[in-house]
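Raw contents of structure01.cif, mmCIF, C-alpha atoms and all ligand atoms:
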```cif
data_run
loop_
_atom_site.label_atom_id
_atom_site.label_comp_id
_atom_site.auth_asym_id
_atom_site.auth_seq_id
_atom_site.Cartn_x
_atom_site.Cartn_y
_atom_site.Cartn_z
CA MET A 4 55.61 53.22 -37.54
CA GLU A 5 59.20 52.12 -37.31
CA LEU A 6 61.21 49.90 -34.98
CA GLY A 7 62.60 51.82 -32.01
CA GLU A 8 65.67 51.19 -29.94
CA PRO A 9 65.93 47.82 -28.11
CA ASP A 10 64.36 47.87 -24.62
CA SER A 11 65.84 46.20 -21.51
CA SER A 12 64.89 42.77 -22.92
CA GLY A 13 66.70 43.52 -26.19
CA ARG A 14 63.43 43.66 -28.12
CA ARG A 15 62.69 46.48 -30.55
CA LYS A 16 59.14 47.78 -30.43
CA PRO A 17 57.31 49.81 -33.10
CA VAL A 18 57.20 53.56 -32.46
CA PRO A 19 55.24 56.19 -34.40
CA ILE A 20 57.04 58.20 -37.09
CA ARG A 21 56.30 61.87 -36.32
CA GLU A 22 53.92 63.60 -38.74
CA SER A 23 53.52 60.49 -40.91
CA GLU A 24 49.75 60.27 -40.28
CA TYR A 25 47.26 60.84 -43.09
CA GLU A 26 43.50 60.40 -43.53
CA LEU A 27 41.95 57.86 -45.88
CA LYS A 28 38.29 58.08 -46.90
CA ILE A 29 36.67 54.65 -46.48
CA ASP A 30 33.19 53.26 -45.76
CA MET A 31 34.22 50.48 -43.42
CA ALA A 32 37.36 49.02 -41.83
CA VAL A 33 37.41 45.30 -41.09
CA ILE A 34 40.20 44.33 -38.73
CA ALA A 35 41.12 40.85 -39.90
CA ILE A 36 44.35 40.00 -38.10
CA GLY A 37 45.37 39.72 -34.49
CA ASN A 38 46.81 37.25 -32.09
CA GLY A 39 45.39 38.53 -28.81
CA SER A 40 43.37 36.24 -26.61
CA ASN A 41 39.61 36.75 -26.61
CA PRO A 42 38.68 38.68 -23.43
CA ILE A 43 35.40 36.75 -23.24
CA ILE A 44 37.33 33.79 -21.84
CA GLN A 45 38.35 35.66 -18.69
CA LYS A 46 34.86 37.11 -18.32
CA THR A 47 33.10 33.75 -18.55
CA THR A 48 35.73 31.64 -16.78
CA PRO A 49 37.27 33.74 -13.99
CA ASP A 50 38.37 30.66 -12.03
CA LEU A 51 41.18 29.92 -14.51
CA GLN A 52 44.59 31.55 -13.97
CA TYR A 53 45.74 33.93 -16.72
CA THR A 54 48.87 35.84 -17.63
CA ARG A 55 48.57 39.61 -17.80
CA TRP A 56 48.01 39.21 -21.57
CA GLY A 57 45.00 36.95 -21.01
CA ASN A 58 46.70 33.68 -21.90
CA ILE A 59 45.75 30.64 -19.84
CA ILE A 60 48.44 29.46 -17.41
CA VAL A 61 49.04 25.69 -17.50
CA ASP A 62 51.41 23.10 -16.13
CA GLU A 63 53.67 22.76 -19.19
CA ALA A 64 54.18 19.02 -18.63
CA THR A 65 50.47 18.14 -18.66
CA MET A 66 48.72 21.28 -20.04
CA LYS A 67 46.54 21.12 -16.91
CA THR A 68 45.00 24.47 -15.95
CA SER A 69 44.26 25.75 -12.46
CA LYS A 70 40.69 24.41 -12.85
CA GLU A 71 40.10 20.73 -12.09
CA GLY A 72 39.57 18.68 -15.25
CA VAL A 73 40.33 21.57 -17.65
CA PHE A 74 43.34 21.42 -19.98
CA ALA A 75 44.52 24.01 -22.50
CA GLY A 76 47.14 24.40 -25.20
CA GLY A 77 47.93 26.23 -28.41
CA ASP A 78 47.83 29.97 -28.96
CA ILE A 79 45.57 30.60 -25.96
CA VAL A 80 48.42 29.36 -23.76
CA SER A 81 51.51 30.40 -25.71
CA GLY A 82 50.24 33.54 -27.40
CA GLY A 83 50.44 33.62 -31.20
CA ALA A 84 52.78 30.77 -32.19
CA THR A 85 52.75 27.92 -34.72
CA VAL A 86 50.58 24.98 -35.73
CA ILE A 87 53.30 22.51 -34.75
CA LEU A 88 53.49 23.93 -31.21
CA ALA A 89 49.70 23.80 -30.89
CA MET A 90 49.70 20.17 -32.07
CA GLY A 91 52.44 19.27 -29.57
CA ALA A 92 50.44 20.85 -26.77
CA GLY A 93 47.36 18.91 -27.90
CA LYS A 94 49.30 15.66 -27.80
CA LYS A 95 50.59 16.33 -24.28
CA ALA A 96 47.11 17.34 -23.12
CA ALA A 97 45.51 14.23 -24.68
CA SER A 98 47.87 11.98 -22.75
CA ALA A 99 47.23 13.84 -19.49
CA ILE A 100 43.46 13.85 -20.09
CA ASN A 101 43.60 10.09 -20.61
CA ASP A 102 45.45 9.69 -17.29
CA PHE A 103 42.94 12.00 -15.58
CA LEU A 104 39.93 10.08 -16.91
CA THR A 105 41.32 6.64 -16.17
CA SER A 106 42.89 7.27 -12.77
CA GLY A 107 40.89 10.31 -11.61
CA SER A 108 44.04 12.37 -11.06
CA ILE A 109 47.38 13.21 -12.68
C1 LIG B 1 47.53 35.15 -40.53
C2 LIG B 1 48.16 33.99 -39.82
C3 LIG B 1 49.07 33.19 -40.51
C4 LIG B 1 49.67 32.09 -39.86
N1 LIG B 1 50.54 31.33 -40.57
C5 LIG B 1 51.10 30.25 -39.97
C6 LIG B 1 51.97 29.40 -40.68
O1 LIG B 1 52.28 29.60 -41.86
N2 LIG B 1 52.49 28.33 -40.03
C7 LIG B 1 52.19 28.06 -38.73
O2 LIG B 1 52.67 27.05 -38.18
N3 LIG B 1 51.36 28.85 -38.04
C8 LIG B 1 50.81 29.94 -38.62
N4 LIG B 1 49.96 30.75 -37.91
C9 LIG B 1 49.70 30.44 -36.50
C10 LIG B 1 48.72 29.28 -36.37
O3 LIG B 1 47.55 29.57 -37.14
C11 LIG B 1 48.34 29.13 -34.89
O4 LIG B 1 49.51 29.03 -34.08
C12 LIG B 1 47.50 27.86 -34.67
O5 LIG B 1 46.37 27.90 -35.50
C13 LIG B 1 47.08 27.77 -33.21
O6 LIG B 1 46.19 26.69 -33.08
P1 LIG B 1 45.10 26.69 -31.90
O7 LIG B 1 44.40 25.38 -32.01
O8 LIG B 1 45.77 27.03 -30.62
O9 LIG B 1 44.13 27.91 -32.21
P2 LIG B 1 43.17 28.14 -33.46
O10 LIG B 1 43.68 27.46 -34.69
O11 LIG B 1 42.95 29.63 -33.49
O12 LIG B 1 41.85 27.39 -33.05
C14 LIG B 1 40.97 27.91 -32.08
C15 LIG B 1 39.59 27.45 -32.50
O13 LIG B 1 38.66 27.77 -31.44
C16 LIG B 1 37.49 28.27 -32.04
N5 LIG B 1 36.79 29.08 -31.03
C17 LIG B 1 37.10 30.31 -30.60
N6 LIG B 1 36.21 30.72 -29.67
C18 LIG B 1 35.34 29.70 -29.51
C19 LIG B 1 34.21 29.51 -28.68
N7 LIG B 1 33.78 30.45 -27.83
N8 LIG B 1 33.56 28.33 -28.77
C20 LIG B 1 33.98 27.35 -29.62
N9 LIG B 1 35.04 27.48 -30.43
C21 LIG B 1 35.72 28.65 -30.37
C22 LIG B 1 37.96 29.05 -33.23
O14 LIG B 1 36.92 29.23 -34.17
C23 LIG B 1 39.07 28.15 -33.75
O15 LIG B 1 38.59 27.18 -34.65
C24 LIG B 1 49.35 31.82 -38.52
C25 LIG B 1 48.44 32.63 -37.84
C26 LIG B 1 47.85 33.70 -38.48
C27 LIG B 1 46.86 34.56 -37.73
#
```
Show the structure stored in the file as structure tokens.
Amino acid sequence: MELGEPDSSGRRKPVPIRESEYELKIDMAVIAIGNGSNPIIQKTTPDLQYTRWGNIIVDEATMKTSKEGVFAGGDIVSGGATVILAMGAGKKAASAINDFLTSGSI
């Protein structure tokens, strides 16, 4: 693969290099990296709102989801990001959850 030309958003995406494929004899392949959301979430919780990539949509100020009493943050909201962003989301959600539990609404 190599990076192709920038698309309309200016982002370069990987494109296959012609005739660069080759076969490797192996017993097993373990895929051990990936940042995609687990599709089981949408299957088990269809009443949450999701992006087309399967990330949970929240109110960014409170991390409140479309489901009453459910809050989300971190990679499942942002897509693959960083620990510091996940911690920030957790802090915002904790404050909003406290408001929700003490006042019954936010
Ligand atoms: C290879 C790699 C390297 C990275 N390096 C860095 C780095 O150097 N610095 C940095 O800031 N970030 C790094 N990141 C990104 C960082 O790990 C994530 O942004 C961060 O961990 C997101 O935190 P999170 O709490 O949203 O999700 P996670 O840390 O993924 O936590 C989700 C948790 O939910 C659990 N879980 C999943 N399904 C269920 C279920 N059904 N029931 C109960 N529990 C469940 C999982 O086991 C997991 O413990 C890296 C990521 C990867 C993949």
Query - Atom-to-atom span, CA of Arg14 (chain A) and atom O10 of ligand LIG 1 (chain B), Å - result: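 Here the two named atoms are 26.4 Å from each other.
Proximity of A:Ala92, A:Met4, A:Ala75, A:Ala97 to Pro17 (chain A), computed with all atoms listed in the file, is greatest for A:Met4.
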For chain A versus ligand LIG 1 (chain B), which residues have an atom no more than 12 Å away, and what is each residue's nearest atom pair and distance in Å rounded to one decimal, using only C-alpha atoms and all ligand atoms, chain-then-number order, as a tab-separated table?
```
residue	atom	partner	partner_atom	distance
A:Ile34	CA	B:LIG1	C27	11.9
A:Ala35	CA	B:LIG1	C1	8.6
A:Ile36	CA	B:LIG1	C27	6.0
A:Gly37	CA	B:LIG1	C27	6.3
A:Asn38	CA	B:LIG1	C27	6.2
A:Gly39	CA	B:LIG1	C27	9.9
A:Ser40	CA	B:LIG1	C17	9.5
A:Asn41	CA	B:LIG1	N6	7.6
A:Pro42	CA	B:LIG1	N6	10.4
A:Ile43	CA	B:LIG1	N7	8.0
A:Ile44	CA	B:LIG1	N7	7.7
A:Gln45	CA	B:LIG1	N7	11.5
A:Lys46	CA	B:LIG1	N7	11.7
A:Thr47	CA	B:LIG1	N7	9.9
A:Thr48	CA	B:LIG1	N7	11.3
A:Asn58	CA	B:LIG1	O8	11.0
A:Ile59	CA	B:LIG1	O8	11.4
A:Ala75	CA	B:LIG1	O8	8.8
A:Gly76	CA	B:LIG1	O8	6.2
A:Gly77	CA	B:LIG1	O8	3.2
A:Asp78	CA	B:LIG1	O8	4.0
A:Ile79	CA	B:LIG1	O8	5.9
A:Val80	CA	B:LIG1	O8	7.7
A:Ser81	CA	B:LIG1	O8	8.3
A:Gly82	CA	B:LIG1	O4	8.1
A:Gly83	CA	B:LIG1	O4	5.5
A:Ala84	CA	B:LIG1	O4	4.2
A:Thr85	CA	B:LIG1	O4	3.5
A:Val86	CA	B:LIG1	O2	3.8
A:Ile87	CA	B:LIG1	O2	5.7
A:Leu88	CA	B:LIG1	O4	7.1
A:Ala89	CA	B:LIG1	O6	5.0
A:Met90	CA	B:LIG1	O7	7.4
A:Gly91	CA	B:LIG1	O8	10.3
A:Ala92	CA	B:LIG1	O8	8.7
A:Gly93	CA	B:LIG1	O7	8.2
A:Lys94	CA	B:LIG1	O7	11.7
```
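CA of Tyr25 (chain A) sits 19.5 Å away from CA of Leu6 (chain A).
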Requested in this report: Would you work out the distance separating CA of Arg55 (chain A) from CA of Val73 (chain A), expressed in Å to one decimal?
Outcome: 19.8 Å
Requested in this report: Kindly indicate which residue among A:Leu51, A:Val18, A:Ala64, A:Leu27 lies nearest to Ala96 (chain A), using only C-alpha atoms for the distances.
Outcome: A:Ala64
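The nearest approach to Lys70 (chain A) among the residues A:Gln52, A:Gly13, A:Glu22, A:Gly57, with only C-alpha atoms taken into account, belongs to A:Gln52.
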